[in-house]
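Okay, target-v4.txt now, which holds compact mmCIF, C-alpha atoms (C1' of nucleotides):
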# COMPACT_ATOMS: atom_id res chain seq x y z
CA MET A 1 50.65 -0.06 63.64
CA SER A 2 50.03 -3.51 62.19
CA GLU A 3 51.43 -4.26 58.75
CA TYR A 4 48.46 -6.40 57.71
CA TYR A 5 44.69 -6.57 58.08
CA THR A 6 42.77 -9.76 58.86
CA ILE A 7 39.60 -10.69 56.98
CA SER A 8 37.39 -9.51 59.86
CA GLU A 9 39.19 -6.15 60.02
CA VAL A 10 38.63 -5.72 56.31
CA ALA A 11 35.00 -6.78 56.73
CA ALA A 12 34.44 -4.25 59.51
CA ARG A 13 36.08 -1.41 57.56
CA THR A 14 34.57 -2.02 54.15
CA GLY A 15 31.12 -3.25 55.17
CA ILE A 16 31.66 -6.37 53.03
CA SER A 17 31.07 -9.43 55.23
CA ALA A 18 33.87 -11.96 55.79
CA TYR A 19 31.61 -14.57 54.15
CA THR A 20 31.30 -12.42 51.08
CA LEU A 21 35.03 -11.70 50.96
CA ARG A 22 35.77 -15.45 51.07
CA TYR A 23 33.14 -15.98 48.35
CA TYR A 24 34.81 -13.29 46.21
CA ASP A 25 38.15 -15.00 46.76
CA LYS A 26 36.68 -18.37 45.75
CA GLU A 27 35.32 -16.68 42.62
CA GLY A 28 38.79 -15.41 41.74
CA LEU A 29 38.32 -11.74 42.64
CA LEU A 30 40.92 -11.59 45.40
CA SER A 31 43.91 -13.36 43.88
CA PHE A 32 46.06 -10.39 44.89
CA VAL A 33 45.64 -11.15 48.60
CA GLN A 34 48.71 -12.69 50.27
CA ARG A 35 48.57 -15.62 52.72
CA ASP A 36 50.69 -16.31 55.80
CA GLU A 37 52.33 -19.70 56.56
CA ALA A 38 49.06 -20.88 58.14
CA GLY A 39 47.09 -19.99 55.01
CA LYS A 40 45.40 -16.96 56.53
CA ARG A 41 44.63 -14.03 54.26
CA MET A 42 46.81 -11.00 54.96
CA PHE A 43 45.38 -7.82 53.41
CA ARG A 44 47.94 -5.09 52.80
CA ARG A 45 47.34 -1.34 52.83
CA GLU A 46 47.49 -1.25 49.04
CA ASP A 47 44.92 -4.04 48.71
CA PHE A 48 42.16 -1.64 49.63
CA GLU A 49 42.36 0.05 46.27
CA PRO A 50 41.45 -3.03 44.20
CA LEU A 51 38.93 -3.88 46.94
CA TYR A 52 37.36 -0.47 46.46
CA THR A 53 37.35 -0.98 42.70
CA ILE A 54 35.53 -4.31 43.16
CA SER A 55 33.00 -2.55 45.37
CA VAL A 56 32.44 0.20 42.79
CA LEU A 57 32.07 -2.26 39.90
CA LYS A 58 29.63 -4.37 41.91
CA ARG A 59 27.55 -1.34 42.94
CA SER A 60 27.57 -0.36 39.26
CA GLY A 61 25.76 -3.61 38.50
CA MET A 62 28.70 -5.55 37.06
CA PRO A 63 28.32 -9.32 37.57
CA ILE A 64 31.00 -11.20 39.54
CA LYS A 65 32.29 -13.05 36.45
CA LYS A 66 33.04 -9.80 34.67
CA ILE A 67 34.69 -8.34 37.76
CA ARG A 68 36.89 -11.44 37.78
CA GLU A 69 37.92 -10.69 34.19
CA PHE A 70 38.85 -7.20 35.29
CA MET A 71 40.86 -8.46 38.25
CA ASN A 72 42.71 -10.90 35.98
CA LEU A 73 43.76 -7.94 33.85
CA TYR A 74 44.74 -6.03 37.00
CA LEU A 75 47.09 -8.85 38.01
CA GLN A 76 48.89 -8.54 34.68
CA GLY A 77 49.87 -4.92 35.37
CA ASN A 78 50.92 -2.38 32.75
CA ASP A 79 50.28 -4.67 29.77
CA THR A 80 46.51 -4.50 30.28
CA ILE A 81 45.96 -0.77 30.85
CA HIS A 82 44.10 -0.41 27.58
CA GLU A 83 41.81 -3.39 28.15
CA ARG A 84 40.95 -2.11 31.59
CA TYR A 85 40.23 1.33 30.17
CA VAL A 86 37.83 -0.28 27.71
CA MET A 87 36.04 -2.10 30.53
CA PHE A 88 35.59 1.15 32.45
CA ALA A 89 34.37 2.92 29.32
CA GLU A 90 31.79 0.17 28.75
CA GLN A 91 30.73 0.28 32.38
CA ARG A 92 30.30 4.02 32.02
CA GLU A 93 27.85 3.45 29.16
CA SER A 94 26.05 0.80 31.19
CA LEU A 95 25.71 3.22 34.12
CA LEU A 96 24.37 5.95 31.85
CA SER A 97 21.72 3.64 30.45
CA GLN A 98 20.77 2.36 33.90
CA ILE A 99 20.36 5.96 35.07
CA ARG A 100 18.27 6.84 32.00
CA GLU A 101 16.05 3.81 32.65
CA LEU A 102 15.52 4.72 36.32
CA GLU A 103 14.82 8.35 35.40
CA ALA A 104 12.18 7.20 32.93
CA MET A 105 10.62 5.06 35.69
CA LEU A 106 10.81 8.03 38.06
CA LYS A 107 8.77 10.15 35.66
CA ILE A 108 6.01 7.55 35.60
CA VAL A 109 6.08 7.02 39.36
CA ASP A 110 5.94 10.80 39.82
CA TYR A 111 2.85 10.86 37.64
CA LYS A 112 1.32 8.00 39.63
CA CYS A 113 1.93 9.88 42.90
CA TRP A 114 0.16 12.91 41.50
CA TYR A 115 -2.67 10.87 40.01
CA PHE A 116 -3.34 8.90 43.19
CA GLN A 117 -3.48 12.13 45.18
CA GLU A 118 -6.08 13.49 42.75
CA ALA A 119 -8.01 10.20 42.89
CA GLU A 120 -7.87 10.19 46.69
CA LYS A 121 -9.38 13.69 46.86
CA ARG A 122 -12.32 12.47 44.77
CA GLY A 123 -12.54 9.00 46.29
CA ASP A 124 -12.57 7.45 42.82
CA ILE A 125 -9.64 5.85 41.00
CA ASN A 126 -11.32 6.49 37.64
CA TYR A 127 -12.64 9.98 38.35
CA TYR A 128 -11.39 11.44 35.07
CA GLN A 129 -13.66 9.15 33.03
CA LYS A 130 -16.65 11.06 34.38
CA LEU A 131 -15.22 14.45 33.37
CA PRO A 132 -15.89 16.13 30.03
CA LYS A 133 -12.96 15.57 27.71
CA GLU A 134 -11.71 19.17 27.90
CA GLU A 135 -11.49 19.07 31.70
CA VAL A 136 -9.22 16.00 31.77
CA ASP A 137 -5.67 16.97 32.77
CA PRO A 138 -3.25 16.53 29.84
CA ARG A 139 -0.98 14.40 32.06
CA ILE A 140 -3.75 11.79 32.20
CA THR A 141 -4.19 11.83 28.42
CA GLU A 142 -0.44 11.51 27.97
CA PHE A 143 -0.19 8.56 30.38
CA ASN A 144 -3.11 6.81 28.70
CA GLN A 145 -1.28 7.20 25.40
CA ILE A 146 1.77 5.47 26.87
CA VAL A 147 -0.41 2.58 28.03
CA ASP A 148 -2.03 2.42 24.57
CA ASP A 149 1.41 2.21 22.98
CA PHE A 150 2.33 -0.53 25.45
CA ARG A 151 -0.77 -2.49 24.40
CA GLU A 152 0.06 -1.98 20.73
CA GLY A 153 3.59 -3.20 21.27
CA ILE A 154 5.19 0.20 20.64
CA MET A 155 8.22 0.13 22.92
CA GLU A 156 9.67 3.37 24.26
CA SER A 157 13.15 3.03 22.70
CA LYS A 158 15.00 0.90 25.33
CA MET B 1 -11.30 -6.80 16.09
CA SER B 2 -11.00 -9.46 18.76
CA GLU B 3 -12.39 -8.67 22.19
CA TYR B 4 -9.62 -10.49 24.02
CA TYR B 5 -5.87 -11.10 23.82
CA THR B 6 -4.23 -14.49 24.33
CA ILE B 7 -1.12 -14.90 26.46
CA SER B 8 1.13 -15.07 23.39
CA GLU B 9 -0.36 -11.90 21.93
CA VAL B 10 0.27 -10.14 25.23
CA ALA B 11 3.81 -11.57 25.31
CA ALA B 12 4.54 -10.31 21.78
CA ARG B 13 3.16 -6.83 22.50
CA THR B 14 4.66 -6.25 25.92
CA GLY B 15 7.97 -8.03 25.50
CA ILE B 16 7.23 -10.08 28.64
CA SER B 17 7.51 -13.78 27.73
CA ALA B 18 4.51 -16.09 28.14
CA TYR B 19 6.58 -18.08 30.65
CA THR B 20 7.11 -14.97 32.70
CA LEU B 21 3.45 -13.94 32.47
CA ARG B 22 2.40 -17.38 33.78
CA TYR B 23 5.01 -17.07 36.51
CA TYR B 24 3.61 -13.66 37.47
CA ASP B 25 0.13 -15.16 37.55
CA LYS B 26 1.34 -18.02 39.78
CA GLU B 27 2.87 -15.39 42.07
CA GLY B 28 -0.46 -13.61 42.38
CA LEU B 29 0.28 -10.60 40.17
CA LEU B 30 -2.34 -11.27 37.51
CA SER B 31 -5.47 -12.10 39.54
CA PHE B 32 -7.36 -9.56 37.44
CA VAL B 33 -7.05 -11.68 34.28
CA GLN B 34 -10.27 -13.48 33.27
CA ARG B 35 -10.39 -17.09 32.09
CA ASP B 36 -12.60 -18.74 29.46
CA GLU B 37 -14.51 -22.03 30.00
CA ALA B 38 -11.37 -23.95 29.01
CA GLY B 39 -9.28 -22.13 31.62
CA LYS B 40 -7.35 -20.03 29.10
CA ARG B 41 -6.34 -16.54 30.13
CA MET B 42 -8.29 -13.82 28.33
CA PHE B 43 -6.58 -10.44 28.60
CA ARG B 44 -8.90 -7.49 28.10
CA ARG B 45 -8.02 -4.08 26.68
CA GLU B 46 -8.10 -2.58 30.18
CA ASP B 47 -5.77 -5.24 31.56
CA PHE B 48 -2.82 -3.58 29.84
CA GLU B 49 -2.84 -0.75 32.35
CA PRO B 50 -2.15 -2.90 35.44
CA LEU B 51 0.25 -4.90 33.26
CA TYR B 52 2.11 -1.70 32.46
CA THR B 53 2.14 -0.77 36.13
CA ILE B 54 3.65 -4.17 36.97
CA SER B 55 6.30 -3.56 34.31
CA VAL B 56 7.11 -0.11 35.70
CA LEU B 57 7.33 -1.33 39.29
CA LYS B 58 9.56 -4.23 38.25
CA ARG B 59 11.85 -1.98 36.21
CA SER B 60 11.98 0.30 39.25
CA GLY B 61 13.51 -2.56 41.20
CA MET B 62 10.46 -3.59 43.20
CA PRO B 63 10.52 -7.29 44.14
CA ILE B 64 7.66 -9.55 42.96
CA LYS B 65 6.29 -10.00 46.49
CA LYS B 66 5.83 -6.28 46.93
CA ILE B 67 4.25 -5.95 43.48
CA ARG B 68 1.82 -8.65 44.59
CA GLU B 69 0.90 -6.54 47.63
CA PHE B 70 0.25 -3.65 45.29
CA MET B 71 -1.91 -5.77 43.00
CA ASN B 72 -3.92 -7.02 45.96
CA LEU B 73 -4.69 -3.41 46.83
CA TYR B 74 -5.55 -2.74 43.18
CA LEU B 75 -8.14 -5.53 43.24
CA GLN B 76 -9.86 -3.86 46.19
CA GLY B 77 -10.54 -0.69 44.20
CA ASN B 78 -11.35 2.70 45.67
CA ASP B 79 -10.86 1.65 49.31
CA THR B 80 -7.11 1.32 48.83
CA ILE B 81 -6.26 4.50 46.92
CA HIS B 82 -4.33 5.92 49.85
CA GLU B 83 -2.29 2.76 50.47
CA ARG B 84 -1.38 2.61 46.82
CA TYR B 85 -0.37 6.25 46.86
CA VAL B 86 1.93 5.49 49.79
CA MET B 87 3.53 2.61 47.87
CA PHE B 88 4.22 4.87 44.89
CA ALA B 89 5.62 7.57 47.15
CA GLU B 90 7.97 5.03 48.75
CA GLN B 91 8.99 3.70 45.36
CA ARG B 92 9.72 7.26 44.31
CA GLU B 93 12.17 7.58 47.22
CA SER B 94 13.70 4.24 46.34
CA LEU B 95 14.22 5.36 42.74
CA LEU B 96 15.80 8.63 43.85
CA SER B 97 18.28 6.80 46.04
CA GLN B 98 19.07 4.26 43.33
CA ILE B 99 19.75 7.12 40.92
CA ARG B 100 21.95 8.90 43.47
CA GLU B 101 23.92 5.69 44.04
CA LEU B 102 24.46 5.11 40.31
CA GLU B 103 25.47 8.75 39.82
CA ALA B 104 28.05 8.39 42.57
CA MET B 105 29.38 5.26 40.82
CA LEU B 106 29.40 7.14 37.52
CA LYS B 107 31.64 9.83 39.00
CA ILE B 108 34.17 7.23 40.05
CA VAL B 109 33.99 5.34 36.75
CA ASP B 110 34.43 8.66 34.93
CA TYR B 111 37.55 9.29 36.97
CA LYS B 112 38.83 5.78 36.19
CA CYS B 113 38.31 6.35 32.47
CA TRP B 114 40.34 9.54 32.66
CA TYR B 115 43.03 7.97 34.84
CA PHE B 116 43.46 4.91 32.63
CA GLN B 117 43.84 7.15 29.58
CA GLU B 118 46.59 9.10 31.36
CA ALA B 119 48.22 5.85 32.48
CA GLU B 120 48.03 4.45 28.96
CA LYS B 121 49.80 7.51 27.53
CA ARG B 122 52.66 6.92 29.99
CA GLY B 123 52.57 3.12 29.87
CA ASP B 124 52.56 2.98 33.66
CA ILE B 125 49.54 2.40 35.90
CA ASN B 126 51.30 4.10 38.80
CA TYR B 127 52.89 6.97 36.87
CA TYR B 128 51.81 9.65 39.34
CA GLN B 129 53.93 8.13 42.10
CA LYS B 130 57.05 9.17 40.19
CA LEU B 131 55.92 12.79 39.84
CA PRO B 132 56.79 15.54 42.30
CA LYS B 133 53.83 16.10 44.64
CA GLU B 134 52.89 19.47 43.10
CA GLU B 135 52.59 17.97 39.63
CA VAL B 136 50.09 15.26 40.68
CA ASP B 137 46.61 16.08 39.34
CA PRO B 138 44.21 16.95 42.19
CA ARG B 139 41.74 14.35 40.87
CA ILE B 140 44.27 11.66 41.77
CA THR B 141 44.80 13.06 45.26
CA GLU B 142 41.05 13.23 45.75
CA PHE B 143 40.51 9.64 44.60
CA ASN B 144 43.29 8.40 46.84
CA GLN B 145 41.59 10.14 49.74
CA ILE B 146 38.37 8.23 48.98
CA VAL B 147 40.28 4.95 49.01
CA ASP B 148 41.96 5.96 52.29
CA ASP B 149 38.53 6.63 53.79
CA PHE B 150 37.36 3.25 52.51
CA ARG B 151 40.30 1.59 54.25
CA GLU B 152 39.60 3.47 57.46
CA GLY B 153 35.96 2.44 57.36
CA ILE B 154 34.67 5.95 56.70
CA MET B 155 31.60 5.26 54.57
CA GLU B 156 30.39 7.89 52.10
CA SER B 157 26.93 8.38 53.62
CA LYS B 158 24.94 5.57 51.94
C1' DG C 1 46.41 -27.92 79.04
C1' DT C 2 42.32 -26.35 77.78
C1' DA C 3 38.81 -22.97 76.56
C1' DG C 4 37.97 -19.11 73.62
C1' DG C 5 38.59 -16.63 69.68
C1' DT C 6 40.38 -16.17 65.39
C1' DG C 7 41.08 -18.14 61.03
C1' DT C 8 40.70 -22.06 57.20
C1' DT C 9 38.07 -25.26 53.70
C1' DA C 10 34.33 -27.67 51.22
C1' DG C 11 29.99 -27.82 50.44
C1' DA C 12 25.06 -27.19 51.55
C1' DG C 13 21.24 -23.95 51.87
C1' DT C 14 18.62 -19.60 50.73
C1' DA C 15 16.44 -16.09 47.99
C1' DT C 16 15.01 -14.19 43.70
C1' DA C 17 13.40 -14.41 39.24
C1' DC C 18 12.87 -16.65 35.82
C1' DT C 19 12.93 -20.66 32.21
C1' DC C 20 11.75 -24.80 30.61
C1' DG C 21 9.99 -29.78 30.09
C1' DA C 22 6.33 -33.09 30.38
C1' DA C 23 1.89 -34.41 30.05
C1' DG C 24 -2.45 -33.21 29.08
C1' DT C 25 -6.78 -30.35 27.04
C1' DC C 26 -9.12 -28.37 23.33
C1' DA C 27 -10.60 -26.24 18.84
C1' DA C 28 -9.87 -25.66 13.89
C1' DG C 29 -8.18 -27.31 9.24
C1' DG C 30 -6.99 -30.93 5.76
C1' DC D 1 -10.80 -38.56 12.20
C1' DC D 2 -6.70 -36.92 13.42
C1' DT D 3 -2.84 -33.91 13.43
C1' DT D 4 -1.27 -29.34 14.58
C1' DG D 5 -0.77 -25.61 17.41
C1' DA D 6 -1.90 -22.90 21.28
C1' DC D 7 -3.06 -23.22 25.57
C1' DT D 8 -3.14 -25.46 30.51
C1' DT D 9 -0.72 -27.12 35.16
C1' DC D 10 2.88 -28.84 37.99
C1' DG D 11 7.20 -29.17 39.10
C1' DA D 12 12.04 -29.30 38.05
C1' DG D 13 16.15 -26.78 36.49
C1' DT D 14 19.15 -22.54 35.96
C1' DA D 15 21.65 -18.45 37.21
C1' DT D 16 23.32 -15.18 40.48
C1' DA D 17 25.00 -13.84 44.70
C1' DC D 18 25.38 -14.65 48.71
C1' DT D 19 25.02 -16.95 53.60
C1' DC D 20 25.92 -20.24 56.62
C1' DT D 21 27.39 -24.87 58.78
C1' DA D 22 30.70 -28.30 59.94
C1' DA D 23 35.00 -29.81 60.92
C1' DC D 24 39.36 -28.57 61.75
C1' DA D 25 43.79 -25.57 62.70
C1' DC D 26 46.08 -22.22 65.22
C1' DC D 27 47.40 -18.94 69.02
C1' DT D 28 46.82 -16.70 73.46
C1' DA D 29 45.27 -16.21 78.20
C1' DC D 30 44.10 -18.27 82.43

Write-out of the structure in structure tokens:
Amino acid sequence: MSEYYTISEVAARTGISAYTLRYYDKEGLLSFVQRDEAGKRMFRREDFEPLYTISVLKRSGMPIKKIREFMNLYLQGNDTIHERYVMFAEQRESLLSQIRELEAMLKIVDYKCWYFQEAEKRGDINYYQKLPKEEVDPRITEFNQIVDDFREGIMESK
Amino acid sequence: MSEYYTISEVAARTGISAYTLRYYDKEGLLSFVQRDEAGKRMFRREDFEPLYTISVLKRSGMPIKKIREFMNLYLQGNDTIHERYVMFAEQRESLLSQIRELEAMLKIVDYKCWYFQEAEKRGDINYYQKLPKEEVDPRITEFNQIVDDFREGIMESK
DNA sequence: GTAGGTGTTAGAGTATACTCGAAGTCAAGG
DNA sequence: CCTTGACTTCGAGTATACTCTAACACCTAC
């Protein structure tokens, strides 16, 4: 069993390309990686944990610069536990708001899927305009209200 | 009450800057917008619906090029209802997988928040390594297993 | 000893989505 | 009449995150 992993081994295992790993290093994300006499990166077993953390932060939408800040705190060890906790707590809030945003978009896209199916049945994208008011599905009225608010500059929280 | 809206009125109401609206137009997203004799864009009341749709698709993570495709179908009216339905259905799947991904990240960030609080109490980021095996919280064991899988190249679905 | 395969670096190129500057048009108000 | 302000276009600049090329350094196998 080899003590160290080369960049291409790490790339193959993590799904992060060697190019990207070198880019992350250049950007100061991989300062914890050791080098051999020739200057080659030698990834240790324990290096996969910070690597995984980088991957999680990136997939959470954190920009590289902020991940670098985090990694700088990581390098300083026990003195920065609190600061790192704060960063995770903030990222948690960011994730929650991203999820809320996507769920709001999902609701509208769900409506659009339904509406387009109804329109397809009738062969007319504006079929509801030809119906008497009381036969118009409330979902349509509700959506039109959202669009009216959009036109009037009434933003849905956000 | 004015019949038409200028670009800056639309910008103020929708929160999309005039620069961005012109960029969208250049990219073929706003072909439905009329112009006056002087070449100025005249947004009609009804134009806010496609504008809202563009906003929703963008906030759903759809790239501009694909939104353009959608808008080209929109311009063709009733003949493209089915194709547009398909695009919404695909976007719905995309949203669901984005939400699943962020929820998976949230779980890990939640764990990190908890772990860093525990570590802060003890003033040691690796406190659990000094505990007897049976006193280590199962959440820690579980997380370490995820990192082990990451190192072994065992991807969590995705 | 030399070809192949790995690694290194610096720096250029790509893609996406804006964001802005410059120069010009046009209509209304002082 | 002329300035002001809102609009126009074209094209350049910015930011982010890669993605790749070029030139070179090693080590191993034939």

Between region 69-157 of chain B and region 27-51 of chain A, at 12 Å or less, what are the per-residue closest atom pairs and their distances in Å? Count only C-alpha atoms, order by chain and rising residue number, and return it as CSV.
residue,atom,partner,partner_atom,distance
B:Phe143,CA,A:Glu49,CA,9.9
B:Asn144,CA,A:Glu49,CA,8.4
B:Gln145,CA,A:Glu49,CA,10.7
B:Ile146,CA,A:Glu49,CA,9.5
B:Val147,CA,A:Glu49,CA,6.0
B:Asp148,CA,A:Phe48,CA,8.1
B:Asp149,CA,A:Phe48,CA,9.9
B:Phe150,CA,A:Phe48,CA,7.4
B:Arg151,CA,A:Phe48,CA,5.9
B:Glu152,CA,A:Phe48,CA,9.7
B:Gly153,CA,A:Phe48,CA,10.7

Using C-alpha atoms, can you write the selected residues to a file as a short mmCIF file (atom, residue, chain, number, x, y, z; two decimals), in the coordinates of the input?
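Final output, saved to again.cif:
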data_model
loop_
_atom_site.label_atom_id
_atom_site.label_comp_id
_atom_site.auth_asym_id
_atom_site.auth_seq_id
_atom_site.Cartn_x
_atom_site.Cartn_y
_atom_site.Cartn_z
CA PHE B 143 40.51 9.64 44.60
CA ASN B 144 43.29 8.40 46.84
CA GLN B 145 41.59 10.14 49.74
CA ILE B 146 38.37 8.23 48.98
CA VAL B 147 40.28 4.95 49.01
CA ASP B 148 41.96 5.96 52.29
CA ASP B 149 38.53 6.63 53.79
CA PHE B 150 37.36 3.25 52.51
CA ARG B 151 40.30 1.59 54.25
CA GLU B 152 39.60 3.47 57.46
CA GLY B 153 35.96 2.44 57.36
#

- Considering only C-alpha atoms (C1' of nucleotides), state which residue in the set C:DA17, C:DG30, C:DG11, C:DG24 is at the smallest distance from DA23 (chain D). C:DG11

- Item | Distance query DA3 (chain C) at most 12 Å, all atoms listed in the file, self and fewer than 5 positions along chain excluded, as a count of residues only | 3

Give me the residues of chain D that have any atom at most 12 Å from an atom of chain A; for each, the nearest atom pair and the distance in Å, rounded to one decimal. Use all atoms listed in the file, sort by chain and number, and format it as a tab-separated table.
residue	atom	partner	partner_atom	distance
D:DA15	C1'	A:Pro63	CA	11.3
D:DT16	C1'	A:Pro63	CA	8.2
D:DA17	C1'	A:Ile64	CA	8.3
D:DC18	C1'	A:Thr20	CA	6.8
D:DT19	C1'	A:Tyr19	CA	7.0
D:DC20	C1'	A:Tyr19	CA	8.4
D:DA25	C1'	A:Ala38	CA	8.4
D:DC26	C1'	A:Ala38	CA	7.8
D:DC27	C1'	A:Ala38	CA	11.2

- Would you mind reading off the distance between CA of Glu120 (chain B) and CA of His82 (chain A), one decimal, in Å?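 Straight-line distance from CA of Glu120 (chain B) to CA of His82 (chain A) works out to 6.4 Å.
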
- Message: Please determine, counting only C-alpha atoms (C1' of nucleotides), which residue among C:DA28, C:DC20, C:DA15, C:DA10 has the shortest atom-to-atom distance to DG13 (chain D).
- Response: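 The answer is C:DC20, which sits nearest to DG13 (chain D).
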
Restrict the calculation to all atoms listed in the file, then for each residue of chain C with any atom at most 10 Å from an atom of chain A give the closest atom pair and their distance in Å to one decimal, rows by chain and rising residue number, as a Markdown table.
| residue | atom | partner | partner_atom | distance |
| --- | --- | --- | --- | --- |
| C:DT6 | C1' | A:Ser8 | CA | 9.2 |
| C:DG7 | C1' | A:Lys40 | CA | 6.3 |
| C:DT8 | C1' | A:Lys40 | CA | 7.0 |

Within 7 Å of chain A, which residues of chain B show up? Give each one with its shortest atom-to-atom distance in Å (one decimal) and the two atoms involved, counting only C-alpha atoms, rows by chain then rising residue number, as JSON lines.
{"residue": "B:Arg13", "atom": "CA", "partner": "A:Gly153", "partner_atom": "CA", "distance": 3.9}
{"residue": "B:Thr14", "atom": "CA", "partner": "A:Gly153", "partner_atom": "CA", "distance": 5.7}
{"residue": "B:Phe48", "atom": "CA", "partner": "A:Arg151", "partner_atom": "CA", "distance": 5.9}
{"residue": "B:Glu49", "atom": "CA", "partner": "A:Val147", "partner_atom": "CA", "distance": 6.0}
{"residue": "B:Tyr52", "atom": "CA", "partner": "A:Val147", "partner_atom": "CA", "distance": 6.7}
{"residue": "B:Val56", "atom": "CA", "partner": "A:Met105", "partner_atom": "CA", "distance": 6.2}
{"residue": "B:Ser60", "atom": "CA", "partner": "A:Met105", "partner_atom": "CA", "distance": 6.1}
{"residue": "B:Asn78", "atom": "CA", "partner": "A:Asp124", "partner_atom": "CA", "distance": 5.7}
{"residue": "B:Ile81", "atom": "CA", "partner": "A:Glu120", "partner_atom": "CA", "distance": 5.9}
{"residue": "B:His82", "atom": "CA", "partner": "A:Glu120", "partner_atom": "CA", "distance": 6.4}
{"residue": "B:Tyr85", "atom": "CA", "partner": "A:Phe116", "partner_atom": "CA", "distance": 5.4}
{"residue": "B:Phe88", "atom": "CA", "partner": "A:Cys113", "partner_atom": "CA", "distance": 5.9}
{"residue": "B:Ala89", "atom": "CA", "partner": "A:Cys113", "partner_atom": "CA", "distance": 6.1}
{"residue": "B:Arg92", "atom": "CA", "partner": "A:Val109", "partner_atom": "CA", "distance": 6.1}
{"residue": "B:Leu95", "atom": "CA", "partner": "A:Leu106", "partner_atom": "CA", "distance": 6.4}
{"residue": "B:Ile99", "atom": "CA", "partner": "A:Ile99", "partner_atom": "CA", "distance": 6.0}
{"residue": "B:Leu102", "atom": "CA", "partner": "A:Ser60", "partner_atom": "CA", "distance": 6.4}
{"residue": "B:Met105", "atom": "CA", "partner": "A:Ser60", "partner_atom": "CA", "distance": 6.1}
{"residue": "B:Leu106", "atom": "CA", "partner": "A:Leu95", "partner_atom": "CA", "distance": 6.4}
{"residue": "B:Val109", "atom": "CA", "partner": "A:Arg92", "partner_atom": "CA", "distance": 6.1}
{"residue": "B:Asp110", "atom": "CA", "partner": "A:Arg92", "partner_atom": "CA", "distance": 6.9}
{"residue": "B:Lys112", "atom": "CA", "partner": "A:Phe88", "partner_atom": "CA", "distance": 6.8}
{"residue": "B:Cys113", "atom": "CA", "partner": "A:Tyr85", "partner_atom": "CA", "distance": 5.8}
{"residue": "B:Phe116", "atom": "CA", "partner": "A:Tyr85", "partner_atom": "CA", "distance": 5.4}
{"residue": "B:Gln117", "atom": "CA", "partner": "A:Tyr85", "partner_atom": "CA", "distance": 6.9}
{"residue": "B:Glu120", "atom": "CA", "partner": "A:Ile81", "partner_atom": "CA", "distance": 5.9}
{"residue": "B:Gly123", "atom": "CA", "partner": "A:Asn78", "partner_atom": "CA", "distance": 6.4}
{"residue": "B:Asp124", "atom": "CA", "partner": "A:Asn78", "partner_atom": "CA", "distance": 5.7}
{"residue": "B:Ile125", "atom": "CA", "partner": "A:Asn78", "partner_atom": "CA", "distance": 5.9}
{"residue": "B:Val147", "atom": "CA", "partner": "A:Glu49", "partner_atom": "CA", "distance": 6.0}
{"residue": "B:Phe150", "atom": "CA", "partner": "A:Thr14", "partner_atom": "CA", "distance": 6.2}
{"residue": "B:Arg151", "atom": "CA", "partner": "A:Phe48", "partner_atom": "CA", "distance": 5.9}
{"residue": "B:Glu152", "atom": "CA", "partner": "A:Arg13", "partner_atom": "CA", "distance": 6.0}
{"residue": "B:Gly153", "atom": "CA", "partner": "A:Arg13", "partner_atom": "CA", "distance": 3.9}

- Query: Just how far from CA of Ile67 (chain A) is CA of Ile16 (chain A), in Å to one decimal?
  - Reply: 15.7 Å

- Query: How many Å lie between CA of Leu21 (chain A) and CA of Glu142 (chain B), rounded to one decimal?
  - Reply: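 Answer for the CA of Leu21 (chain A) to CA of Glu142 (chain B) separation: 26.2 Å.
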